[in-house]
>>> print(open('upload_7.cif').read())   # mmCIF, C-alpha atoms
data_input
#
loop_
_atom_site.label_atom_id
_atom_site.label_comp_id
_atom_site.auth_asym_id
_atom_site.auth_seq_id
_atom_site.Cartn_x
_atom_site.Cartn_y
_atom_site.Cartn_z
CA MET C 1 -17.52 16.80 -19.78
CA ASN C 2 -19.30 13.51 -20.41
CA ASN C 3 -20.87 11.36 -17.72
CA LYS C 4 -18.14 8.74 -17.90
CA LYS C 5 -15.39 11.29 -17.17
CA MET C 6 -17.46 12.78 -14.33
CA PHE C 7 -17.90 9.32 -12.83
CA LEU C 8 -14.16 8.56 -13.05
CA ILE C 9 -13.25 11.86 -11.39
CA SER C 10 -15.74 11.25 -8.57
CA LEU C 11 -14.48 7.70 -8.09
CA PHE C 12 -10.88 8.93 -7.88
CA ALA C 13 -11.80 11.57 -5.29
CA ILE C 14 -13.64 9.06 -3.11
CA SER C 15 -10.79 6.57 -3.34
CA ALA C 16 -8.26 9.23 -2.38
CA LEU C 17 -10.26 10.20 0.71
CA THR C 18 -10.92 6.69 1.95
CA ALA C 19 -7.31 5.61 1.57
CA LEU C 20 -5.89 8.76 3.11
CA ASN C 21 -2.78 8.19 5.21
CA ALA C 22 -2.78 4.45 4.67
CA SER C 23 -0.02 2.72 2.81
CA ALA C 24 -0.69 2.09 -0.87
CA LYS C 25 -2.94 -0.90 -0.25
CA THR C 26 -3.22 -1.66 3.46
CA TYR C 27 -3.89 -0.44 6.97
CA CYS C 28 -1.98 -2.04 9.82
CA GLY C 29 -1.54 -1.72 13.56
CA ILE C 30 -2.02 -3.51 16.86
CA LEU C 31 -5.56 -4.50 17.79
CA GLY C 32 -5.58 -5.75 21.37
CA ASP C 33 -2.38 -7.80 21.51
CA GLN C 34 -2.32 -8.81 17.85
CA LYS C 35 -0.65 -7.16 14.89
CA ILE C 36 -3.02 -7.01 11.94
CA GLU C 37 -2.98 -5.80 8.36
CA LEU C 38 -5.93 -5.43 5.99
CA ASP C 39 -6.45 -4.22 2.45
CA SER C 40 -7.72 -0.62 2.49
CA LYS C 41 -10.65 -1.70 0.29
CA TYR C 42 -12.29 -3.07 3.45
CA PHE C 43 -12.59 0.42 4.98
CA ALA C 44 -14.73 3.47 4.39
CA MET C 45 -12.06 5.39 6.32
CA LYS C 46 -8.98 4.51 8.31
CA PRO C 47 -9.35 2.63 11.62
CA ASP C 48 -9.50 4.49 14.93
CA TYR C 49 -5.90 4.68 16.15
CA GLU C 50 -5.18 5.52 19.78
CA GLY C 51 -5.20 9.29 20.23
CA TYR C 52 -6.72 9.94 16.81
CA SER C 53 -9.98 9.35 15.00
CA PRO C 54 -10.87 9.28 11.29
CA TRP C 55 -12.47 12.70 11.69
CA GLU C 56 -9.35 14.42 12.97
CA ALA C 57 -5.59 14.43 12.55
CA ASN C 58 -5.77 13.87 8.80
CA ASP C 59 -2.00 14.07 8.63
CA PHE C 60 -1.54 11.15 11.06
CA GLU C 61 0.48 8.32 9.51
CA PRO C 62 0.51 4.94 11.29
CA ASN C 63 3.93 3.55 12.06
CA ALA C 64 5.40 1.57 9.19
CA ASP C 65 6.22 -1.34 11.53
CA CYS C 66 2.50 -1.71 12.36
CA SER C 67 3.10 -0.74 16.00
CA SER C 68 0.38 1.95 16.14
CA LYS C 69 -2.42 0.86 18.45
CA ILE C 70 -5.92 0.47 16.99
CA ILE C 71 -8.80 1.06 19.41
CA LEU C 72 -11.63 0.26 16.97
CA LEU C 73 -11.55 -1.60 13.68
CA SER C 74 -14.53 -1.66 11.35
CA ALA C 75 -14.39 -3.67 8.14
CA ARG C 76 -16.91 -3.74 5.28
CA THR C 77 -17.17 -7.20 3.81
CA ASN C 78 -19.48 -9.93 2.52
CA ILE C 79 -20.36 -12.69 4.98
CA ASP C 80 -20.52 -15.29 2.19
CA THR C 81 -17.34 -14.45 0.28
CA GLY C 82 -15.12 -12.47 2.67
CA GLU C 83 -14.47 -9.95 -0.09
CA PRO C 84 -14.58 -6.16 0.47
CA SER C 85 -18.00 -4.54 0.12
CA ARG C 86 -19.52 -1.07 0.08
CA GLY C 87 -21.03 -1.56 3.51
CA ALA C 88 -24.11 -3.22 4.95
CA SER C 89 -27.14 -3.52 2.72
CA GLU C 90 -30.80 -4.22 3.36
CA LYS C 91 -30.64 -7.07 0.88
CA GLY C 92 -27.73 -9.34 0.05
CA SER C 93 -24.89 -10.46 2.32
CA ASN C 94 -22.87 -7.27 2.80
CA ILE C 95 -22.08 -6.52 6.44
CA VAL C 96 -19.88 -4.29 8.60
CA ILE C 97 -17.88 -5.90 11.43
CA PHE C 98 -16.64 -3.83 14.38
CA TYR C 99 -13.83 -5.17 16.60
CA GLU C 100 -12.99 -3.47 19.90
CA PRO C 101 -10.37 -4.86 22.30
CA ALA C 102 -12.23 -6.02 25.42
CA LYS C 103 -11.10 -5.14 28.95
CA ASP C 104 -13.11 -8.10 30.23
CA ASN C 105 -15.85 -10.44 29.02
CA LEU C 106 -18.71 -8.65 30.79
CA PHE C 107 -19.73 -6.11 28.14
CA LEU C 108 -22.74 -8.16 27.01
CA ASN C 109 -24.04 -8.54 30.56
CA ARG C 110 -23.64 -4.84 31.28
CA TYR C 111 -25.35 -3.90 28.02
CA ALA C 112 -28.24 -6.32 28.61
CA ASN C 113 -28.74 -5.01 32.16
CA SER C 114 -29.07 -1.47 30.80
CA PHE C 115 -32.32 -2.40 29.05
CA GLU C 116 -34.03 -2.70 32.41
CA ARG C 117 -33.29 0.97 33.06
CA GLN C 118 -34.63 2.18 29.71
CA LYS C 119 -38.31 2.99 30.16
CA GLU C 120 -39.00 2.94 26.43
CA PHE C 121 -38.22 -0.78 26.28
CA LYS C 122 -40.80 -3.25 27.51
CA LEU C 123 -39.97 -6.83 28.45
CA ILE C 124 -42.36 -8.98 26.42
CA ASN C 125 -40.78 -12.43 26.76
CA ASN C 126 -38.53 -13.83 29.46
CA SER C 127 -37.18 -17.36 29.84
CA ALA C 128 -34.01 -19.20 30.83
CA LYS C 129 -32.84 -19.01 27.20
CA LYS C 130 -33.74 -15.49 26.14
CA ALA C 131 -35.28 -12.17 27.10
CA VAL C 132 -37.04 -10.05 24.48
CA TYR C 133 -37.54 -6.30 24.75
CA GLU C 134 -39.65 -4.25 22.36
CA ASP C 135 -39.82 -0.53 21.66
CA ILE C 136 -42.04 1.57 19.43
CA SER C 137 -40.91 5.18 19.19
CA THR C 138 -40.88 8.24 16.96
CA ASN C 139 -37.58 9.83 16.01
CA SER C 140 -36.82 13.49 15.31
CA PHE C 141 -37.90 13.12 11.68
CA ASN C 142 -41.30 11.81 12.79
CA MET C 143 -40.62 8.33 11.39
CA ARG C 144 -42.11 5.39 13.21
CA ASN C 145 -39.54 2.81 14.30
CA VAL C 146 -40.26 -0.65 15.61
CA ALA C 147 -37.26 -2.12 17.42
CA ARG C 148 -36.68 -5.40 19.21
CA LYS C 149 -33.73 -6.42 21.36
CA THR C 150 -33.28 -10.13 22.10
CA VAL C 151 -30.84 -11.22 24.81
CA TYR C 152 -29.72 -14.85 24.52
CA LEU C 153 -28.64 -16.66 27.67
CA ASP C 154 -26.72 -19.79 28.65
CA ASN C 155 -26.70 -20.65 32.36
CA GLY C 156 -27.47 -17.05 33.19
CA GLN C 157 -24.67 -15.61 31.06
CA VAL C 158 -25.40 -13.49 28.00
CA THR C 159 -24.02 -15.10 24.84
CA GLU C 160 -25.47 -12.83 22.13
CA ILE C 161 -27.62 -9.74 21.82
CA PHE C 162 -29.57 -9.38 18.60
CA GLU C 163 -31.16 -6.03 17.78
CA CYS C 164 -33.41 -5.45 14.79
CA GLY C 165 -35.28 -2.34 13.75
CA PHE C 166 -37.82 -1.62 11.05
CA ASN C 167 -38.68 1.89 9.89
CA THR C 168 -42.34 1.90 8.89
CA THR C 169 -41.85 5.05 6.79
CA THR C 170 -38.76 4.12 4.79
CA LYS C 171 -39.47 0.35 4.95
CA ILE C 172 -35.81 -0.25 5.80
CA ASN C 173 -34.88 -3.17 8.03
CA SER C 174 -31.50 -3.44 9.78
CA CYS C 175 -30.02 -5.61 12.51
CA THR C 176 -26.98 -5.70 14.78
CA LEU C 177 -25.49 -8.78 16.43
CA PHE C 178 -23.29 -8.32 19.53
CA PHE C 179 -21.06 -11.00 21.04
CA TYR C 180 -17.67 -11.57 22.69
CA SER C 181 -14.97 -13.48 20.84
CA GLU C 182 -11.20 -13.82 20.84
CA LYS C 183 -10.69 -11.03 23.43
CA TYR C 184 -12.80 -8.65 21.34
CA ASN C 185 -16.22 -7.13 21.73
CA VAL C 186 -17.66 -7.81 18.29
CA LYS C 187 -20.58 -6.06 16.62
CA ILE C 188 -21.87 -7.03 13.18
CA TYR C 189 -24.27 -4.76 11.32
CA GLY C 190 -26.35 -6.04 8.40
CA ASN C 191 -29.76 -7.37 7.43
CA TYR C 192 -31.72 -10.06 9.27
CA ASN C 193 -30.99 -12.88 6.82
CA SER C 194 -27.24 -12.24 6.97
CA LEU C 195 -27.09 -12.31 10.76
CA LYS C 196 -29.79 -14.73 11.95
CA ASN C 197 -27.33 -17.66 11.87
CA PHE C 198 -25.28 -16.78 14.97
CA VAL C 199 -22.83 -19.68 14.56
CA LYS C 200 -22.02 -18.63 11.02
CA ALA C 201 -21.60 -14.98 12.05
CA ARG C 202 -19.30 -15.89 14.96
CA ASN C 203 -17.17 -18.25 12.88
CA PHE C 204 -16.90 -15.73 10.06
CA SER C 205 -15.78 -12.91 12.36
CA VAL C 206 -13.08 -15.08 13.95
CA GLU C 207 -11.84 -16.35 10.59
CA PHE C 208 -11.82 -12.82 9.19
CA ILE C 209 -9.67 -11.34 11.96
CA ASN C 210 -7.38 -14.40 11.96
CA LYS C 211 -6.62 -13.84 8.28
CA ALA C 212 -5.75 -10.22 9.07
CA ARG C 213 -3.21 -11.16 11.74
CA ILE C 214 0.48 -10.81 11.04
CA ILE C 215 2.17 -14.05 12.03
CA LYS C 216 5.90 -13.93 12.74
#
>>> encode(input="upload_7.cif", output="structure tokens")
Amino acid sequence: MNNKKMFLISLFAISALTALNASAKTYCGILGDQKIELDSKYFAMKPDYEGYSPWEANDFEPNADCSSKIILLSARTNIDTGEPSRGASEKGSNIVIFYEPAKDNLFLNRYANSFERQKEFKLINNSAKKAVYEDISTNSFNMRNVARKTVYLDNGQVTEIFECGFNTTTKINSCTLFFYSEKYNVKIYGNYNSLKNFVKARNFSVEFINKARIIK
């Protein structure tokens, strides 16, 4: 069997797994109080529906009327084009956005407060606008990781949390931006250059989920 045929077979198998139990081209459901529908190309696997996860209940089929409740939505896209991507990359503009319906708007404050209780993080900069925590640790594979968490503040309220880590062994850099928007806790994973513009990241995430909403 030649390489081209092997590649096509592998591609078909991956596509079949990632689109499992979705309709032909989309996933849909209720995220928070909004009905949404997105092309399955945006997902590595189906969203987390209430009572089920992508790792279980493989025979679960969301309701055709999009009434199944989604508890976590993660979409792979490009922050410049809005097109589907293969996931976040160290270089380029590919990102992964996570949307979770928020019970309140205090998640960022609770998460920021938890840094004070983590002994491995040291406060190295503190002002009215931001607090910076740094950590240098060794993971189970004996790789040195340098991580920094920056908490941005406005009148004492946390507006964003920006986490970046650099693995000194693999030379891989990755960042995560956390914020609250549109009744969702939002997390965007990607590289530093893709996420350093917080206004762009916020606006993109809102526009992205708005385009996925089903308007009656």
>>> closest_residue(input="upload_7.cif", among="C:Ile172, C:Asn125, C:Ile209, C:Phe198", to="C:Leu73", atoms="only C-alpha atoms")
C:Ile209
>>> atom_distance(input="upload_7.cif", atom1="atom CA of C:Leu108", atom2="atom CA of C:Tyr133")
15.1 Å
>>> closest_atom_pairs(input="upload_7.cif", of="stretch 81-185 of chain C", to="stretch 39-54 of chain C", cutoff="8 Å", atoms="all atoms listed in the file", output="JSON lines")
{"residue": "C:Pro84", "atom": "CA", "partner": "C:Tyr42", "partner_atom": "CA", "distance": 4.9}
{"residue": "C:Ser85", "atom": "CA", "partner": "C:Tyr42", "partner_atom": "CA", "distance": 6.8}
{"residue": "C:Arg86", "atom": "CA", "partner": "C:Ala44", "partner_atom": "CA", "distance": 7.9}
>>> atom_distance(input="upload_7.cif", atom1="atom CA of C:Ala75", atom2="atom CA of C:Asp135")
29.0 Å
>>> residues_near_point(input="upload_7.cif", point="(-19.2, -2.9, 5.6)", cutoff="7 Å", atoms="only C-alpha atoms", output="PyMOL selection string")
chain C and resi 75-77+85-88+94-97
>>> atom_distance(input="upload_7.cif", atom1="atom CA of C:Tyr27", atom2="atom CA of C:Asp65")
11.1 Å
>>> resolve_selection(input="upload_7.cif", expression="the PyMOL selection byres ((chain C and resi 187-193) around 6)", output="VMD selection string")
chain C and resid 88 90 95 to 98 174 to 178 186 194 to 196
>>> write_last_selection(input="upload_7.cif", atoms="C-alpha atoms", output="PDB file, in the frame of the given file")
ATOM      1  CA  ALA C  88     -24.110  -3.220   4.950  1.00  0.00           C
ATOM      2  CA  GLU C  90     -30.800  -4.220   3.360  1.00  0.00           C
ATOM      3  CA  ILE C  95     -22.080  -6.520   6.440  1.00  0.00           C
ATOM      4  CA  VAL C  96     -19.880  -4.290   8.600  1.00  0.00           C
ATOM      5  CA  ILE C  97     -17.880  -5.900  11.430  1.00  0.00           C
ATOM      6  CA  PHE C  98     -16.640  -3.830  14.380  1.00  0.00           C
ATOM      7  CA  SER C 174     -31.500  -3.440   9.780  1.00  0.00           C
ATOM      8  CA  CYS C 175     -30.020  -5.610  12.510  1.00  0.00           C
ATOM      9  CA  THR C 176     -26.980  -5.700  14.780  1.00  0.00           C
ATOM     10  CA  LEU C 177     -25.490  -8.780  16.430  1.00  0.00           C
ATOM     11  CA  PHE C 178     -23.290  -8.320  19.530  1.00  0.00           C
ATOM     12  CA  VAL C 186     -17.660  -7.810  18.290  1.00  0.00           C
ATOM     13  CA  SER C 194     -27.240 -12.240   6.970  1.00  0.00           C
ATOM     14  CA  LEU C 195     -27.090 -12.310  10.760  1.00  0.00           C
ATOM     15  CA  LYS C 196     -29.790 -14.730  11.950  1.00  0.00           C
TER      16      LYS C 196
END
>>> closest_residue(input="upload_7.cif", among="C:Lys25, C:Ile124, C:Phe204, C:Ala112", to="C:Phe162", atoms="only C-alpha atoms")
C:Ala112
>>> closest_residue(input="upload_7.cif", among="C:Phe166, C:Val206, C:Leu153, C:Ile71", to="C:Lys103", atoms="all atoms listed in the file")
C:Ile71
>>> residues_near_point(input="upload_7.cif", point="(-9.5, -15.9, 17.2)", cutoff="12 Å", atoms="all atoms listed in the file", output="list in words")
Gly32, Asp33, Gln34, Tyr99, Tyr180, Ser181, Glu182, Lys183, Tyr184, Asn185, Val186, Arg202, Asn203, Phe204, Ser205, Val206, Glu207, Phe208, Ile209, Asn210, Lys211, Ala212 and Arg213 of chain C
>>> resolve_selection(input="upload_7.cif", expression="the PyMOL selection byres ((chain C and resi 152) around 7)", output="number ranges by chain")
C: 129-131, 150-151, 153, 158-161
>>> decode(input="upload_7.cif", residues="stretch 25-70 of chain C", atoms="C-alpha atoms", output="compact mmCIF listing (two decimals), in the first residue's frame")
# COMPACT_ATOMS: atom_id res chain seq x y z
CA LYS C 25 -21.42 18.81 9.74
CA THR C 26 -22.32 20.42 13.05
CA TYR C 27 -22.58 20.16 16.81
CA CYS C 28 -25.39 22.00 18.54
CA GLY C 29 -26.87 22.45 21.99
CA ILE C 30 -27.57 24.99 24.72
CA LEU C 31 -24.58 26.77 26.23
CA GLY C 32 -25.74 28.77 29.23
CA ASP C 33 -29.04 30.21 28.00
CA GLN C 34 -28.12 30.35 24.31
CA LYS C 35 -28.67 27.81 21.57
CA ILE C 36 -25.54 27.42 19.47
CA GLU C 37 -24.41 25.45 16.45
CA LEU C 38 -20.88 25.07 15.11
CA ASP C 39 -19.22 23.21 12.27
CA SER C 40 -17.65 19.99 13.59
CA LYS C 41 -14.33 21.04 12.01
CA TYR C 42 -13.84 23.35 15.01
CA PHE C 43 -13.63 20.40 17.42
CA ALA C 44 -11.11 17.72 18.23
CA MET C 45 -14.02 15.84 19.85
CA LYS C 46 -17.62 16.59 20.68
CA PRO C 47 -18.43 19.20 23.35
CA ASP C 48 -19.06 18.19 26.96
CA TYR C 49 -22.82 17.65 27.22
CA GLU C 50 -24.47 17.54 30.62
CA GLY C 51 -24.20 14.03 32.05
CA TYR C 52 -21.69 12.90 29.43
CA SER C 53 -18.11 13.63 28.43
CA PRO C 54 -16.19 13.02 25.19
CA TRP C 55 -14.43 10.11 26.87
CA GLU C 56 -17.59 8.21 27.71
CA ALA C 57 -21.05 7.45 26.36
CA ASN C 58 -19.84 7.18 22.78
CA ASP C 59 -23.35 6.29 21.70
CA PHE C 60 -24.80 9.55 23.07
CA GLU C 61 -26.56 11.56 20.36
CA PRO C 62 -27.46 15.20 21.12
CA ASN C 63 -31.09 16.11 20.59
CA ALA C 64 -31.85 17.11 17.02
CA ASP C 65 -33.61 20.28 18.21
CA CYS C 66 -30.36 21.47 19.84
CA SER C 67 -31.89 21.25 23.33
CA SER C 68 -29.07 19.18 24.87
CA LYS C 69 -27.20 21.22 27.45
CA ILE C 70 -23.49 21.89 26.88
